[in-house]
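Here's protein00.txt, which has compact mmCIF, C-alpha atoms:
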```
# COMPACT_ATOMS: atom_id res chain seq x y z
CA MET A 1 -26.74 -17.56 -10.80
CA SER A 2 -24.67 -20.01 -12.79
CA GLU A 3 -22.06 -17.86 -14.53
CA LYS A 4 -18.64 -17.41 -12.97
CA MET A 5 -16.64 -14.20 -12.96
CA GLU A 6 -12.86 -14.03 -13.10
CA TYR A 7 -10.95 -11.42 -11.16
CA THR A 8 -7.48 -10.22 -10.31
CA PHE A 9 -6.33 -7.89 -7.56
CA GLU A 10 -3.56 -5.47 -6.78
CA LEU A 11 -2.23 -3.64 -3.76
CA LEU A 12 -2.50 0.12 -4.01
CA TYR A 13 -0.25 2.24 -1.80
CA HIS A 14 -0.84 5.98 -1.35
CA PHE A 15 2.17 8.16 -0.52
CA THR A 16 2.38 11.75 0.71
CA CYS A 17 5.69 13.59 0.48
CA LEU A 18 6.43 15.16 3.84
CA GLN A 19 8.51 17.83 2.07
CA CYS A 20 6.19 19.19 -0.65
CA LYS A 21 2.90 17.65 0.68
CA ASN A 22 1.92 16.27 -2.76
CA TRP A 23 0.68 12.70 -3.09
CA TRP A 24 0.86 9.81 -5.55
CA SER A 25 -0.09 6.15 -5.70
CA TYR A 26 1.87 3.00 -6.44
CA SER A 27 0.23 -0.31 -7.32
CA THR A 28 1.69 -3.80 -7.31
CA THR A 29 0.36 -7.28 -7.97
CA PRO A 30 1.57 -9.83 -5.40
CA SER A 31 3.67 -12.58 -6.93
CA SER A 32 2.97 -15.19 -4.23
CA ASN A 33 0.32 -16.04 -1.66
CA LYS A 34 2.59 -14.82 1.15
CA VAL A 35 1.99 -11.07 0.99
CA SER A 36 3.53 -8.52 3.31
CA PHE A 37 1.82 -5.14 3.31
CA ASN A 38 4.69 -3.55 5.24
CA ILE A 39 7.12 -1.62 3.05
CA ASP A 40 8.71 0.41 5.88
CA ASP A 41 12.27 1.52 5.13
CA ARG A 42 11.92 0.90 1.40
CA PRO A 43 13.82 3.64 -0.48
CA MET A 44 11.38 6.03 -2.19
CA HIS A 45 11.49 9.32 -4.04
CA CYS A 46 8.77 11.90 -4.50
CA MET A 47 7.34 11.94 -8.02
CA HIS A 48 6.76 15.70 -7.70
CA CYS A 49 9.78 17.31 -6.03
CA GLY A 50 12.36 14.49 -6.15
CA THR A 51 12.89 14.29 -2.38
CA GLU A 52 14.47 10.96 -1.45
CA GLY A 53 13.69 9.08 1.73
CA LYS A 54 12.32 5.86 3.16
CA ALA A 55 8.72 4.72 3.33
CA ILE A 56 7.02 4.86 6.74
CA ILE A 57 3.44 3.85 7.43
CA LYS A 58 1.15 6.75 8.34
CA LYS A 59 0.71 7.10 12.09
CA GLY A 60 -2.34 5.15 13.24
CA PHE A 61 -2.86 3.21 10.00
CA ASP A 62 -0.94 0.17 11.24
CA ASP A 63 -3.44 -0.06 14.13
CA ILE A 64 -6.23 -0.50 11.57
CA LEU A 65 -4.34 -3.40 9.96
CA LYS A 66 -3.66 -5.09 13.31
CA ASN A 67 -7.34 -4.92 14.31
CA GLN A 68 -8.79 -6.44 11.15
CA ASN A 69 -10.52 -9.79 11.54
CA PRO A 70 -9.64 -11.96 8.50
CA ASN A 71 -12.61 -14.25 9.23
CA LYS A 72 -15.25 -11.52 8.76
CA HIS A 73 -16.82 -11.15 5.32
```
Is it possible to give me this structure as structure tokens?
Amino acid sequence: MSEKMEYTFELLYHFTCLQCKNWWSYSTTPSSNKVSFNIDDRPMHCMHCGTEGKAIIKKGFDDILKNQNPNKH
């Protein structure tokens, strides 16, 4: 295989409003090689009902991130 393939990537966050229980997604493309996945306490508002609050990571999901081995392929 001699051809090369270009790619890009983005981070895709999934939110669930704890008030109306609807969900939506937000994507972002990192602007540097130092990426933080943590957006806790970032002001957010529900795209469906307008509830305002702060982002919190879903219980248990941060354990998945902590246990990932970056050297595995």
| request: Using CA of Phe37 in chain A and CA of Asp63 in chain A as the two end points, give the distance in Å to one decimal. | output: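 One can read the CA of Phe37 in chain A to CA of Asp63 in chain A distance as 13.1 Å.
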| To one decimal place, how far is CA of Thr51 in chain A from CA of Ser31 in chain A in Å? |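 One can read the CA of Thr51 in chain A to CA of Ser31 in chain A distance as 28.8 Å.
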| message | Which residues are near range 10-24 of chain A? Cut-off 7 Å, all atoms listed in the file, ignore same chain within fewer than 6 positions. Put them as a PyMOL selection string. | response | chain A and resi 30+46+48-49
| request: Have a look at A:Ser32, A:Asn38, A:Ser27, A:Ser2 and name the one nearest to Asp62 in chain A; count all atoms listed in the file. | output: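 Among the listed residues, A:Asn38 lies closest to Asp62 in chain A.
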| field | Gap from CA of Asn67 in chain A to CA of Thr28 in chain A - Å, one decimal | value | 23.5 Å
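Proximity ranking of A:Ile56, A:Lys66, A:Ser25, A:Tyr7 relative to Arg42 in chain A places A:Ile56 first, based on only C-alpha atoms.
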| Distance criterion (only C-alpha atoms): nearest to Ile57 in chain A out of A:Thr29, A:Asp41, A:Met1, A:Ser36 | A:Asp41
Coordinate excerpt as a CSV table (one decimal), in the first residue's frame: chain A, C-alpha atoms:
```csv
chain,number,residue,atom,x,y,z
A,1,MET,CA,0.0,0.0,0.0
A,2,SER,CA,1.7,3.1,-1.2
A,3,GLU,CA,-1.0,5.8,-1.1
A,4,LYS,CA,-1.3,8.1,1.9
A,5,MET,CA,-4.6,9.2,3.4
A,6,GLU,CA,-5.1,12.6,5.1
A,7,TYR,CA,-7.3,12.9,8.1
A,8,THR,CA,-8.6,15.4,10.7
A,9,PHE,CA,-10.3,14.8,14.0
A,10,GLU,CA,-12.7,16.4,16.4
A,11,LEU,CA,-13.8,16.0,20.0
A,12,LEU,CA,-17.5,15.1,20.3
A,13,TYR,CA,-19.2,15.8,23.6
A,14,HIS,CA,-22.7,14.4,24.3
A,15,PHE,CA,-24.9,16.3,26.8
A,16,THR,CA,-28.1,15.3,28.6
A,17,CYS,CA,-30.2,17.9,30.3
A,18,LEU,CA,-31.0,16.8,33.8
A,19,GLN,CA,-34.1,19.0,33.7
A,20,CYS,CA,-35.9,17.9,30.5
A,21,LYS,CA,-33.8,14.7,29.8
A,22,ASN,CA,-33.2,15.6,26.2
A,23,TRP,CA,-29.7,15.3,24.7
A,24,TRP,CA,-27.5,17.0,22.1
A,25,SER,CA,-23.9,16.9,20.9
A,26,TYR,CA,-21.2,19.5,20.7
A,27,SER,CA,-18.1,19.1,18.6
A,28,THR,CA,-14.8,21.0,18.7
A,29,THR,CA,-11.5,20.7,16.9
A,30,PRO,CA,-8.5,21.1,19.3
A,31,SER,CA,-6.4,24.2,18.4
A,32,SER,CA,-3.2,22.8,20.0
A,33,ASN,CA,-1.5,19.5,20.9
A,34,LYS,CA,-2.2,20.0,24.6
A,35,VAL,CA,-5.9,18.9,24.8
A,36,SER,CA,-7.9,18.8,28.0
A,37,PHE,CA,-11.0,16.7,27.7
A,38,ASN,CA,-12.4,18.1,31.0
A,39,ILE,CA,-14.9,20.8,30.6
A,40,ASP,CA,-16.4,20.6,34.1
A,41,ASP,CA,-17.9,23.9,35.3
A,42,ARG,CA,-18.2,25.3,31.8
A,43,PRO,CA,-21.4,27.3,31.6
A,44,MET,CA,-23.9,25.5,29.3
A,45,HIS,CA,-27.6,25.8,28.4
A,46,CYS,CA,-30.0,23.1,27.1
A,47,MET,CA,-30.7,23.4,23.4
A,48,HIS,CA,-34.2,22.1,24.1
A,49,CYS,CA,-35.6,23.7,27.2
A,50,GLY,CA,-33.1,26.6,27.8
A,51,THR,CA,-32.1,25.4,31.3
A,52,GLU,CA,-28.8,27.0,32.3
A,53,GLY,CA,-26.2,25.2,34.3
A,54,LYS,CA,-22.6,24.0,34.4
A,55,ALA,CA,-21.2,20.9,32.7
A,56,ILE,CA,-20.4,17.9,34.8
A,57,ILE,CA,-18.9,14.7,33.6
A,58,LYS,CA,-21.3,11.7,33.8
A,59,LYS,CA,-20.8,9.6,36.9
A,60,GLY,CA,-18.3,6.8,36.1
A,61,PHE,CA,-17.2,8.1,32.8
A,62,ASP,CA,-14.1,9.8,34.2
A,63,ASP,CA,-13.0,6.4,35.5
A,64,ILE,CA,-12.9,5.1,31.9
A,65,LEU,CA,-10.7,8.0,30.9
A,66,LYS,CA,-8.3,7.4,33.8
A,67,ASN,CA,-7.9,3.7,33.0
A,68,GLN,CA,-7.1,4.1,29.3
A,69,ASN,CA,-3.6,3.0,28.3
A,70,PRO,CA,-2.3,5.5,25.7
A,71,ASN,CA,0.3,3.0,24.5
A,72,LYS,CA,-2.2,0.4,23.4
A,73,HIS,CA,-3.2,0.5,19.7
```
